[in-house]
$ cat work33.cif   # mmCIF, C-alpha atoms
data_data
loop_
_atom_site.label_atom_id
_atom_site.label_comp_id
_atom_site.auth_asym_id
_atom_site.auth_seq_id
_atom_site.Cartn_x
_atom_site.Cartn_y
_atom_site.Cartn_z
CA MET A 1 -26.64 -58.38 -22.17
CA ALA A 2 -28.48 -58.73 -25.47
CA ARG A 3 -28.21 -55.85 -27.89
CA LYS A 4 -31.31 -53.67 -27.82
CA GLU A 5 -33.44 -54.13 -30.92
CA VAL A 6 -33.53 -50.93 -33.01
CA LYS A 7 -36.75 -50.14 -34.78
CA LYS A 8 -36.29 -50.33 -38.53
CA VAL A 9 -36.81 -47.18 -40.57
CA ARG A 10 -37.38 -47.42 -44.31
CA GLY A 11 -34.32 -46.37 -46.31
CA VAL A 12 -32.03 -46.21 -43.27
CA TYR A 13 -29.67 -49.03 -42.38
CA GLU A 14 -26.46 -49.87 -40.51
CA LYS A 15 -24.16 -51.42 -43.11
CA ASP A 16 -21.94 -53.02 -40.46
CA PRO A 17 -24.14 -53.97 -37.48
CA GLY A 18 -22.81 -52.48 -34.26
CA SER A 19 -20.52 -49.97 -36.00
CA GLY A 20 -22.72 -46.95 -35.21
CA ILE A 21 -22.32 -45.77 -38.83
CA TRP A 22 -25.64 -45.46 -40.65
CA TRP A 23 -26.42 -45.18 -44.36
CA ILE A 24 -29.45 -44.15 -46.40
CA CYS A 25 -30.72 -45.73 -49.60
CA TYR A 26 -33.31 -44.36 -52.06
CA LYS A 27 -34.04 -44.30 -55.77
CA GLN A 28 -33.72 -41.38 -58.14
CA GLY A 29 -35.62 -42.52 -61.20
CA ASN A 30 -34.17 -45.94 -62.01
CA THR A 31 -30.91 -45.28 -60.19
CA ARG A 32 -30.36 -46.49 -56.65
CA LYS A 33 -28.50 -43.98 -54.48
CA ARG A 34 -26.61 -44.71 -51.25
CA GLU A 35 -25.04 -42.25 -48.83
CA LYS A 36 -22.89 -42.82 -45.75
CA VAL A 37 -24.10 -40.45 -43.04
CA GLY A 38 -23.03 -41.21 -39.46
CA SER A 39 -25.48 -41.31 -36.57
CA ARG A 40 -28.88 -42.95 -36.95
CA GLY A 41 -30.71 -39.71 -36.16
CA ASN A 42 -28.81 -37.82 -38.85
CA ALA A 43 -29.43 -40.62 -41.32
CA ILE A 44 -33.18 -40.50 -40.74
CA SER A 45 -33.21 -36.72 -41.15
CA LEU A 46 -31.17 -36.85 -44.37
CA TYR A 47 -33.33 -39.62 -45.83
CA GLN A 48 -36.45 -37.53 -45.24
CA GLN A 49 -34.70 -34.50 -46.78
CA ARG A 50 -33.73 -36.48 -49.89
CA LYS A 51 -37.26 -37.80 -50.34
CA THR A 52 -38.64 -34.27 -50.05
CA GLU A 53 -36.13 -33.02 -52.64
CA LEU A 54 -37.04 -35.83 -55.04
CA LEU A 55 -40.75 -35.11 -54.66
CA ALA A 56 -40.04 -31.45 -55.40
CA GLY A 57 -38.23 -32.47 -58.58
CA LYS A 58 -34.83 -31.24 -57.44
CA LYS A 59 -31.94 -32.83 -59.33
CA LEU A 60 -29.43 -34.35 -56.94
CA PRO A 61 -25.65 -34.23 -57.58
CA ALA A 62 -24.30 -37.06 -59.73
CA ASN A 63 -21.56 -37.89 -57.24
CA LEU A 64 -23.93 -38.22 -54.29
CA ARG A 65 -23.11 -41.87 -53.84
CA LYS A 66 -19.53 -41.00 -52.90
CA ALA A 67 -19.11 -41.46 -49.16
CA ALA A 68 -18.10 -38.52 -47.00
CA ILE A 69 -14.40 -38.67 -46.17
CA THR A 70 -13.75 -39.75 -42.59
CA PHE A 71 -11.36 -38.32 -40.05
CA ALA A 72 -9.43 -41.60 -40.11
CA GLU A 73 -8.73 -41.23 -43.83
CA LEU A 74 -7.40 -37.71 -43.35
CA ALA A 75 -5.40 -38.87 -40.32
CA ASN A 76 -3.61 -41.51 -42.43
CA GLU A 77 -2.57 -38.84 -44.91
CA ALA A 78 -1.28 -36.60 -42.12
CA VAL A 79 0.78 -39.46 -40.67
CA ALA A 80 2.28 -40.17 -44.10
CA TRP A 81 3.22 -36.49 -44.45
CA SER A 82 4.79 -36.46 -40.96
CA ALA A 83 6.80 -39.60 -41.74
CA GLU A 84 8.33 -37.85 -44.75
CA PHE A 85 8.94 -34.37 -43.34
CA HIS A 86 9.35 -35.02 -39.59
CA PRO A 87 10.59 -38.61 -39.28
CA LYS A 88 12.18 -38.06 -35.85
CA ASP A 89 8.76 -37.37 -34.32
CA ILE A 90 6.83 -40.05 -36.20
CA ARG A 91 6.57 -42.46 -33.27
CA THR A 92 4.92 -39.80 -31.11
CA VAL A 93 2.68 -38.72 -33.98
CA ARG A 94 1.48 -42.28 -34.55
CA ASN A 95 0.76 -42.86 -30.87
CA ARG A 96 -1.22 -39.66 -30.51
CA MET A 97 -3.00 -40.18 -33.81
CA ALA A 98 -4.18 -43.60 -32.63
CA THR A 99 -5.92 -41.85 -29.73
CA LEU A 100 -7.56 -39.35 -32.10
CA VAL A 101 -8.70 -42.04 -34.52
CA ALA A 102 -10.21 -44.03 -31.65
CA LYS A 103 -12.29 -40.95 -30.81
CA PHE A 104 -13.10 -39.40 -34.19
CA GLY A 105 -11.99 -42.00 -36.75
CA GLU A 106 -15.27 -43.07 -38.40
CA ARG A 107 -16.84 -39.65 -38.23
CA PRO A 108 -17.19 -37.64 -41.44
CA ALA A 109 -14.42 -35.05 -41.09
CA GLU A 110 -16.74 -32.19 -42.06
CA ASP A 111 -19.10 -32.99 -39.17
CA ILE A 112 -16.54 -32.45 -36.39
CA GLU A 113 -17.04 -29.07 -34.72
CA PRO A 114 -14.65 -26.90 -32.64
CA LEU A 115 -16.88 -27.19 -29.54
CA GLU A 116 -16.73 -30.99 -29.72
CA ILE A 117 -12.92 -30.96 -29.92
CA GLY A 118 -12.66 -28.50 -27.04
CA ASN A 119 -15.04 -30.49 -24.85
CA TRP A 120 -13.15 -33.71 -25.55
CA LEU A 121 -9.85 -32.13 -24.55
CA THR A 122 -11.43 -30.75 -21.37
CA SER A 123 -12.87 -34.15 -20.48
CA ASN A 124 -9.38 -35.68 -20.36
CA THR A 125 -8.66 -34.29 -16.92
CA GLN A 126 -5.57 -36.49 -16.47
CA TRP A 127 -3.77 -34.62 -19.28
CA ALA A 128 -1.56 -31.62 -18.61
CA PRO A 129 -2.32 -28.42 -20.58
CA ALA A 130 0.73 -29.09 -22.76
CA THR A 131 -0.59 -32.54 -23.70
CA LYS A 132 -3.98 -31.10 -24.66
CA ASN A 133 -2.25 -28.51 -26.82
CA ARG A 134 -0.26 -31.22 -28.61
CA PHE A 135 -3.46 -33.10 -29.47
CA ARG A 136 -5.08 -29.86 -30.63
CA ALA A 137 -2.06 -29.18 -32.84
CA LEU A 138 -2.22 -32.69 -34.30
CA ILE A 139 -5.91 -32.35 -35.16
CA SER A 140 -5.06 -29.05 -36.79
CA LEU A 141 -2.33 -30.76 -38.83
CA VAL A 142 -4.84 -33.33 -40.06
CA TYR A 143 -7.15 -30.62 -41.37
CA ARG A 144 -4.37 -28.42 -42.76
CA GLN A 145 -3.13 -31.32 -44.85
CA ALA A 146 -6.67 -32.06 -45.98
CA MET A 147 -7.14 -28.42 -47.01
CA ARG A 148 -3.89 -28.53 -49.00
CA ASN A 149 -5.15 -31.65 -50.76
CA GLY A 150 -8.55 -30.11 -51.47
CA LYS A 151 -10.41 -32.61 -49.28
CA THR A 152 -11.92 -30.19 -46.79
CA ALA A 153 -12.66 -26.50 -46.68
CA ARG A 154 -12.13 -25.79 -43.00
CA ASN A 155 -10.02 -26.49 -39.94
CA PRO A 156 -12.18 -26.73 -36.79
CA ALA A 157 -9.14 -27.09 -34.50
CA ARG A 158 -8.09 -23.57 -35.44
CA LEU A 159 -11.03 -22.21 -33.42
CA VAL A 160 -10.22 -24.28 -30.31
CA ALA A 161 -8.53 -22.18 -27.64
CA ALA A 162 -5.02 -23.26 -26.64
CA ARG A 163 -4.46 -24.10 -22.98
CA VAL A 164 -2.03 -22.06 -20.89
CA GLU A 165 1.05 -24.19 -20.35
CA ASN A 166 3.32 -24.23 -17.34
CA ASN A 167 6.79 -24.98 -18.70
CA GLY A 168 8.54 -24.01 -15.50
CA ARG A 169 9.25 -27.55 -14.28
CA THR A 170 12.87 -27.66 -13.12
CA ARG A 171 12.97 -30.91 -11.12
CA TYR A 172 16.58 -32.01 -11.02
CA LEU A 173 18.59 -34.75 -9.36
CA LEU A 174 19.93 -33.65 -5.98
CA ASP A 175 23.44 -34.67 -4.98
CA ASP A 176 22.28 -37.05 -2.24
CA GLU A 177 19.69 -38.54 -4.62
CA GLU A 178 22.40 -39.19 -7.18
CA ARG A 179 24.53 -40.96 -4.60
CA GLU A 180 21.63 -43.26 -3.66
CA LEU A 181 20.79 -43.87 -7.30
CA ARG A 182 24.39 -44.83 -8.11
CA LYS A 183 24.47 -47.25 -5.17
CA VAL A 184 21.34 -49.00 -6.40
CA MET A 185 22.51 -49.14 -9.98
CA ALA A 186 25.94 -50.48 -9.02
CA VAL A 187 24.18 -53.53 -7.57
CA ARG A 188 21.18 -54.01 -9.87
CA TYR A 189 22.06 -52.24 -13.12
CA PRO A 190 25.84 -51.82 -13.41
CA HIS A 191 25.58 -52.06 -17.22
CA TYR A 192 23.64 -48.77 -17.26
CA LEU A 193 25.82 -46.64 -14.97
CA ASP A 194 27.76 -45.21 -17.91
CA VAL A 195 24.47 -44.37 -19.64
CA LEU A 196 23.45 -42.31 -16.61
CA VAL A 197 26.83 -40.55 -16.46
CA VAL A 198 26.62 -39.48 -20.11
CA ALA A 199 23.09 -38.14 -19.60
CA LEU A 200 24.11 -36.07 -16.57
CA ASN A 201 27.22 -34.64 -18.23
CA THR A 202 25.92 -33.83 -21.72
CA GLY A 203 22.31 -32.75 -21.18
CA MET A 204 21.25 -34.55 -24.37
CA ARG A 205 17.57 -35.08 -24.97
CA LYS A 206 16.48 -38.70 -24.69
CA GLY A 207 16.00 -39.01 -28.44
CA GLU A 208 19.42 -37.46 -29.10
CA GLN A 209 21.18 -39.75 -26.65
CA PHE A 210 19.64 -43.03 -27.72
CA SER A 211 20.02 -42.36 -31.43
CA LEU A 212 23.69 -41.43 -31.01
CA THR A 213 26.14 -43.43 -33.13
CA TRP A 214 29.90 -43.66 -32.73
CA ASP A 215 30.60 -41.71 -35.91
CA ALA A 216 29.23 -38.62 -34.10
CA VAL A 217 31.58 -39.10 -31.13
CA ASP A 218 35.18 -37.88 -31.32
CA LEU A 219 36.94 -39.16 -28.20
CA GLU A 220 40.27 -37.74 -29.28
CA SER A 221 39.07 -34.16 -29.55
CA ARG A 222 36.45 -34.80 -26.84
CA LYS A 223 33.39 -33.66 -28.78
CA ILE A 224 29.94 -35.01 -29.62
CA ARG A 225 28.46 -33.64 -32.84
CA LEU A 226 24.69 -33.60 -33.04
CA ILE A 227 23.73 -32.85 -36.64
CA GLU A 228 19.93 -32.90 -36.61
CA THR A 229 18.39 -32.05 -33.24
CA LYS A 230 14.79 -31.58 -32.15
CA ASN A 231 14.68 -27.90 -33.09
CA GLY A 232 16.34 -28.52 -36.46
CA SER A 233 19.75 -27.07 -35.60
CA SER A 234 23.09 -28.77 -34.99
CA ARG A 235 25.33 -28.39 -31.96
CA THR A 236 28.58 -29.66 -30.49
CA ILE A 237 28.79 -30.90 -26.92
CA PRO A 238 32.21 -30.95 -25.21
CA ILE A 239 33.04 -34.22 -23.45
CA ASN A 240 34.18 -33.63 -19.87
CA THR A 241 36.30 -36.08 -17.89
CA PRO A 242 33.50 -38.17 -16.28
CA CYS A 243 31.75 -38.40 -19.64
CA LEU A 244 34.99 -39.38 -21.41
CA THR A 245 35.53 -42.24 -18.95
CA ALA A 246 31.96 -43.47 -19.45
CA LEU A 247 32.22 -43.30 -23.26
CA ASN A 248 35.53 -45.16 -23.24
CA ASN A 249 33.88 -47.91 -21.18
CA LEU A 250 31.03 -48.10 -23.66
CA ARG A 251 33.41 -48.08 -26.62
CA ALA A 252 35.41 -50.98 -25.17
CA THR A 253 32.30 -53.18 -25.05
CA SER A 254 30.91 -52.14 -28.43
CA ARG A 255 31.04 -54.89 -31.05
CA ASP A 256 30.62 -52.53 -33.99
CA LYS A 257 32.42 -49.20 -33.89
CA ARG A 258 29.87 -47.78 -36.35
CA SER A 259 26.85 -48.84 -34.29
CA PHE A 260 24.75 -47.09 -31.67
CA VAL A 261 26.63 -45.91 -28.61
CA PHE A 262 24.08 -47.18 -26.10
CA LEU A 263 23.32 -50.88 -26.28
CA LEU A 264 21.34 -53.38 -24.26
CA PRO A 265 23.20 -56.28 -22.59
CA SER A 266 21.90 -58.41 -25.47
CA GLY A 267 23.72 -56.15 -27.95
CA GLY A 268 20.65 -54.50 -29.46
CA PRO A 269 20.20 -50.71 -29.52
CA MET A 270 18.79 -49.15 -26.36
CA LYS A 271 15.77 -47.10 -27.39
CA GLU A 272 14.06 -46.51 -24.07
CA PRO A 273 15.61 -46.42 -20.54
CA ARG A 274 12.27 -46.43 -18.74
CA SER A 275 12.23 -50.07 -17.62
CA TRP A 276 15.47 -50.08 -15.62
CA PHE A 277 15.48 -46.37 -14.75
CA THR A 278 12.01 -46.50 -13.15
CA GLU A 279 12.97 -49.51 -11.04
CA ALA A 280 16.26 -47.92 -9.98
CA LEU A 281 14.47 -44.74 -8.87
CA LYS A 282 11.97 -46.80 -6.92
CA ASP A 283 14.71 -48.73 -5.11
CA ALA A 284 16.57 -45.48 -4.37
CA LYS A 285 13.32 -43.95 -3.03
CA ILE A 286 13.47 -41.03 -5.46
CA ASP A 287 10.05 -39.61 -6.37
CA GLY A 288 8.90 -37.35 -9.17
CA LEU A 289 11.94 -37.71 -11.41
CA ARG A 290 11.82 -38.47 -15.14
CA TRP A 291 14.63 -39.23 -17.55
CA HIS A 292 14.18 -35.76 -19.07
CA ASP A 293 14.96 -34.31 -15.64
CA LEU A 294 18.56 -35.45 -16.07
CA ARG A 295 18.72 -32.79 -18.78
CA HIS A 296 17.33 -30.31 -16.24
CA THR A 297 20.02 -31.51 -13.84
CA PHE A 298 22.73 -30.76 -16.42
CA CYS A 299 21.45 -27.21 -16.94
CA SER A 300 20.76 -26.60 -13.25
CA ARG A 301 24.24 -27.65 -12.20
CA LEU A 302 25.78 -25.38 -14.82
CA ALA A 303 23.72 -22.47 -13.47
CA MET A 304 24.70 -23.25 -9.87
CA ALA A 305 28.35 -23.37 -10.97
CA GLY A 306 28.04 -19.81 -12.24
CA VAL A 307 27.94 -20.57 -15.98
CA ASP A 308 26.22 -17.76 -17.89
CA ILE A 309 22.79 -18.29 -19.45
CA ARG A 310 23.99 -17.92 -23.06
CA THR A 311 26.52 -20.72 -22.60
CA ILE A 312 23.87 -22.94 -20.98
CA ALA A 313 21.55 -22.28 -23.92
CA ALA A 314 24.29 -23.20 -26.41
CA LEU A 315 25.26 -26.41 -24.60
CA ALA A 316 21.65 -27.53 -24.11
CA GLY A 317 20.59 -26.60 -27.64
CA HIS A 318 17.82 -24.27 -26.48
CA LYS A 319 16.29 -22.34 -29.32
CA THR A 320 15.68 -19.24 -27.22
CA LEU A 321 17.31 -17.73 -24.13
CA GLN A 322 13.90 -17.78 -22.46
CA MET A 323 14.10 -21.56 -22.25
CA SER A 324 17.36 -21.27 -20.32
CA MET A 325 16.17 -18.47 -18.04
CA ARG A 326 14.22 -20.97 -15.93
CA TYR A 327 17.57 -22.01 -14.42
CA ALA A 328 18.75 -18.51 -13.52
CA HIS A 329 17.11 -18.54 -10.08
CA LEU A 330 19.11 -21.63 -9.10
CA ALA A 331 22.26 -19.58 -8.61
CA PRO A 332 21.28 -17.04 -5.91
CA ALA A 333 24.77 -17.04 -4.40
CA HIS A 334 26.32 -16.16 -7.75
CA ASN A 335 23.72 -13.45 -8.29
CA LEU A 336 24.64 -12.02 -4.89
CA ASP A 337 28.34 -12.10 -5.82
CA ALA A 338 27.49 -10.08 -8.93
CA ILE A 339 25.64 -7.45 -6.89
CA GLU A 340 28.54 -7.19 -4.42
CA LYS A 341 30.76 -6.10 -7.30
CA LEU A 342 28.88 -2.82 -7.50
CA ILE A 343 30.91 -0.01 -6.01
CA ALA A 344 28.98 2.37 -3.83
CA VAL A 345 29.46 6.03 -4.62
CA ALA A 346 30.60 7.92 -1.50
#
$ encode --input "work33.cif" --output "structure tokens"
Amino acid sequence: MARKEVKKVRGVYEKDPGSGIWWICYKQGNTRKREKVGSRGNAISLYQQRKTELLAGKKLPANLRKAAITFAELANEAVAWSAEFHPKDIRTVRNRMATLVAKFGERPAEDIEPLEIGNWLTSNTQWAPATKNRFRALISLVYRQAMRNGKTARNPARLVAARVENNGRTRYLLDDEERELRKVMAVRYPHYLDVLVVALNTGMRKGEQFSLTWDAVDLESRKIRLIETKNGSSRTIPINTPCLTALNNLRATSRDKRSFVFLLPSGGPMKEPRSWFTEALKDAKIDGLRWHDLRHTFCSRLAMAGVDIRTIAALAGHKTLQMSMRYAHLAPAHNLDAIEKLIAVA
């Protein structure tokens, strides 16, 4: 379909046809002035305002030709800051920022309003409340950095209401599901069986597990030392017998004892288990399980074995006990045993 012809307006033009970004051009004395505006309607309004100001003899600012800073420019600065101060999360930051730039990138940052941000988050109905909150937080980071650098005076995301999150998901791998999964993997993905065993017996986060190098693993004293975790703290994970067997298998096939623990059959580092794990779950007819749920499985099984919440929190690296309390209800039999210890007064 041919592009609809737009009626020309004196002093208003689209510098890059089809971009949707409009400029105005006028003369102040013998000096030609240009301003980047945004929408065509806003450009027409600003052009008329400038002409009125010139007719009234108002002196315009000398730096008027300087284009308004766009959201994309501020976003690039926020990504650079994140890469320096939070390098472990930079991949996620870049992916989410790409979505934000696609939506707001060419807009002047000062023109973006809280209502617009809130409506955009609401319109993404496929996102969970937690996802919407992460995007809100990232927009806020963009503006906070810009305020620190003196490039904006406000943070519109600050006035956007946070969504109520439901962090109570405790989907874990049932015993019969694990048996079916192991059967499938033994046939289709035997190389990855040890990877699964380590996940189930350490409760490491995906990023922790697949960035693990052999210098952090002490097979002799049966300990894994995680120095810099997601919440900024370090922790030590004991290596139980199934995990020790799996790690010894992995060590025997490792070409470089200083390299990553988890490798692809080709020898390269394994960064993402999704490809084979998703297919294995499908073949085993297991629904609604994610890799992160193996961490839930670790914590849930500890709770069902009667391990106290403080120990679960320490082993999982939870920052607060509240994060571990979600598993307390999984041990009703142990809670009943505790109540039975009460001695009735005659």
$ resolve_selection --input "work33.cif" --expression "the PyMOL selection byres ((chain A and resi 75) around 9)" --output "PyMOL selection string"
chain A and resi 70-74+76-80+97+100-101+105+139+141-143+146
$ resolve_selection --input "work33.cif" --expression "the PyMOL selection byres ((chain A and resi 192) around 12)" --output "VMD selection string"
chain A and resid 181 to 182 184 to 191 193 to 199 246 to 247 249 to 250 262 to 265 270 272 to 277 280
$ residues_around --input "work33.cif" --residues "Arg136 in chain A" --least-positions-apart "6" --cutoff "10 Å" --atoms "only C-alpha atoms" --output "PyMOL selection string"
chain A and resi 100+117-118+121+130+156-158+160-163
$ residues_around --input "work33.cif" --residues "Ile90 in chain A" --least-positions-apart "5" --cutoff "10 Å" --atoms "all atoms listed in the file" --output "ChimeraX atom specification"
/A:79-85,95-96
$ atom_distance --input "work33.cif" --atom1 "CA of Tyr26 in chain A" --atom2 "CA of Tyr47 in chain A"
7.8 Å
$ resolve_selection --input "work33.cif" --expression "the PyMOL selection byres ((chain A and resi 221-225) around 10)" --output "tab-separated table (two decimals) with C-alpha atoms, in the coordinates of the input"
chain	number	residue	atom	x	y	z
A	202	THR	CA	25.92	-33.83	-21.72
A	212	LEU	CA	23.69	-41.43	-31.01
A	213	THR	CA	26.14	-43.43	-33.13
A	214	TRP	CA	29.90	-43.66	-32.73
A	215	ASP	CA	30.60	-41.71	-35.91
A	216	ALA	CA	29.23	-38.62	-34.10
A	217	VAL	CA	31.58	-39.10	-31.13
A	218	ASP	CA	35.18	-37.88	-31.32
A	219	LEU	CA	36.94	-39.16	-28.20
A	220	GLU	CA	40.27	-37.74	-29.28
A	226	LEU	CA	24.69	-33.60	-33.04
A	227	ILE	CA	23.73	-32.85	-36.64
A	228	GLU	CA	19.93	-32.90	-36.61
A	234	SER	CA	23.09	-28.77	-34.99
A	235	ARG	CA	25.33	-28.39	-31.96
A	236	THR	CA	28.58	-29.66	-30.49
A	237	ILE	CA	28.79	-30.90	-26.92
A	238	PRO	CA	32.21	-30.95	-25.21
A	239	ILE	CA	33.04	-34.22	-23.45
A	240	ASN	CA	34.18	-33.63	-19.87
A	241	THR	CA	36.30	-36.08	-17.89
A	243	CYS	CA	31.75	-38.40	-19.64
A	244	LEU	CA	34.99	-39.38	-21.41
$ atom_distance --input "work33.cif" --atom1 "CA of Cys299 in chain A" --atom2 "CA of Arg179 in chain A"
18.7 Å
$ atom_distance --input "work33.cif" --atom1 "CA of Ala313 in chain A" --atom2 "CA of Met204 in chain A"
12.3 Å
$ closest_residue --input "work33.cif" --among "A:Trp120, A:Glu208, A:Glu178, A:Thr92" --to "Phe260 in chain A" --atoms "all atoms listed in the file"
A:Glu208
$ closest_residue --input "work33.cif" --among "A:Arg10, A:Arg295, A:Arg91, A:Arg154" --to "Glu113 in chain A" --atoms "only C-alpha atoms"
A:Arg154
$ build_atoms --input "work33.cif" --residues "range 77-100 of chain A" --atoms "N, CA and C atoms" --output "mmCIF file, in the coordinates of the input"
data_model
loop_
_atom_site.group_PDB
_atom_site.id
_atom_site.type_symbol
_atom_site.label_atom_id
_atom_site.label_comp_id
_atom_site.auth_asym_id
_atom_site.auth_seq_id
_atom_site.Cartn_x
_atom_site.Cartn_y
_atom_site.Cartn_z
ATOM 1 N N GLU A 77 -3.337 -39.709 -44.029
ATOM 2 C CA GLU A 77 -2.570 -38.840 -44.910
ATOM 3 C C GLU A 77 -1.643 -37.931 -44.118
ATOM 4 N N ALA A 78 -2.109 -37.457 -42.965
ATOM 5 C CA ALA A 78 -1.280 -36.600 -42.120
ATOM 6 C C ALA A 78 -0.090 -37.371 -41.555
ATOM 7 N N VAL A 79 -0.310 -38.629 -41.182
ATOM 8 C CA VAL A 79 0.780 -39.460 -40.670
ATOM 9 C C VAL A 79 1.817 -39.695 -41.764
ATOM 10 N N ALA A 80 1.358 -39.964 -42.976
ATOM 11 C CA ALA A 80 2.280 -40.170 -44.100
ATOM 12 C C ALA A 80 3.120 -38.924 -44.345
ATOM 13 N N TRP A 81 2.489 -37.765 -44.263
ATOM 14 C CA TRP A 81 3.220 -36.490 -44.450
ATOM 15 C C TRP A 81 4.256 -36.319 -43.337
ATOM 16 N N SER A 82 3.873 -36.598 -42.090
ATOM 17 C CA SER A 82 4.790 -36.460 -40.960
ATOM 18 C C SER A 82 5.979 -37.405 -41.093
ATOM 19 N N ALA A 83 5.722 -38.625 -41.588
ATOM 20 C CA ALA A 83 6.800 -39.600 -41.740
ATOM 21 C C ALA A 83 7.843 -39.117 -42.739
ATOM 22 N N GLU A 84 7.407 -38.358 -43.732
ATOM 23 C CA GLU A 84 8.330 -37.850 -44.750
ATOM 24 C C GLU A 84 9.072 -36.598 -44.297
ATOM 25 N N PHE A 85 8.351 -35.675 -43.663
ATOM 26 C CA PHE A 85 8.940 -34.370 -43.340
ATOM 27 C C PHE A 85 9.437 -34.245 -41.903
ATOM 28 N N HIS A 86 8.915 -35.067 -40.987
ATOM 29 C CA HIS A 86 9.350 -35.020 -39.590
ATOM 30 C C HIS A 86 9.533 -36.441 -39.055
ATOM 31 N N PRO A 87 10.440 -37.194 -39.658
ATOM 32 C CA PRO A 87 10.590 -38.610 -39.280
ATOM 33 C C PRO A 87 11.010 -38.830 -37.834
ATOM 34 N N LYS A 88 11.731 -37.879 -37.231
ATOM 35 C CA LYS A 88 12.180 -38.060 -35.850
ATOM 36 C C LYS A 88 11.014 -38.101 -34.871
ATOM 37 N N ASP A 89 9.909 -37.437 -35.222
ATOM 38 C CA ASP A 89 8.760 -37.370 -34.320
ATOM 39 C C ASP A 89 7.671 -38.382 -34.680
ATOM 40 N N ILE A 90 7.922 -39.234 -35.661
ATOM 41 C CA ILE A 90 6.830 -40.050 -36.200
ATOM 42 C C ILE A 90 6.255 -41.019 -35.178
ATOM 43 N N ARG A 91 7.091 -41.525 -34.281
ATOM 44 C CA ARG A 91 6.570 -42.460 -33.270
ATOM 45 C C ARG A 91 5.536 -41.773 -32.369
ATOM 46 N N THR A 92 5.855 -40.562 -31.942
ATOM 47 C CA THR A 92 4.920 -39.800 -31.110
ATOM 48 C C THR A 92 3.669 -39.458 -31.880
ATOM 49 N N VAL A 93 3.832 -39.060 -33.143
ATOM 50 C CA VAL A 93 2.680 -38.720 -33.980
ATOM 51 C C VAL A 93 1.754 -39.918 -34.120
ATOM 52 N N ARG A 94 2.315 -41.084 -34.381
ATOM 53 C CA ARG A 94 1.480 -42.280 -34.550
ATOM 54 C C ARG A 94 0.738 -42.645 -33.281
ATOM 55 N N ASN A 95 1.412 -42.533 -32.142
ATOM 56 C CA ASN A 95 0.760 -42.860 -30.870
ATOM 57 C C ASN A 95 -0.393 -41.919 -30.573
ATOM 58 N N ARG A 96 -0.152 -40.627 -30.778
ATOM 59 C CA ARG A 96 -1.220 -39.660 -30.510
ATOM 60 C C ARG A 96 -2.342 -39.776 -31.536
ATOM 61 N N MET A 97 -1.971 -40.062 -32.783
ATOM 62 C CA MET A 97 -3.000 -40.180 -33.810
ATOM 63 C C MET A 97 -3.909 -41.374 -33.542
ATOM 64 N N ALA A 98 -3.354 -42.431 -32.970
ATOM 65 C CA ALA A 98 -4.180 -43.600 -32.630
ATOM 66 C C ALA A 98 -5.268 -43.208 -31.639
ATOM 67 N N THR A 99 -4.933 -42.330 -30.694
ATOM 68 C CA THR A 99 -5.920 -41.850 -29.730
ATOM 69 C C THR A 99 -6.994 -41.031 -30.427
ATOM 70 N N LEU A 100 -6.590 -40.182 -31.365
ATOM 71 C CA LEU A 100 -7.560 -39.350 -32.100
ATOM 72 C C LEU A 100 -8.464 -40.196 -32.973
#
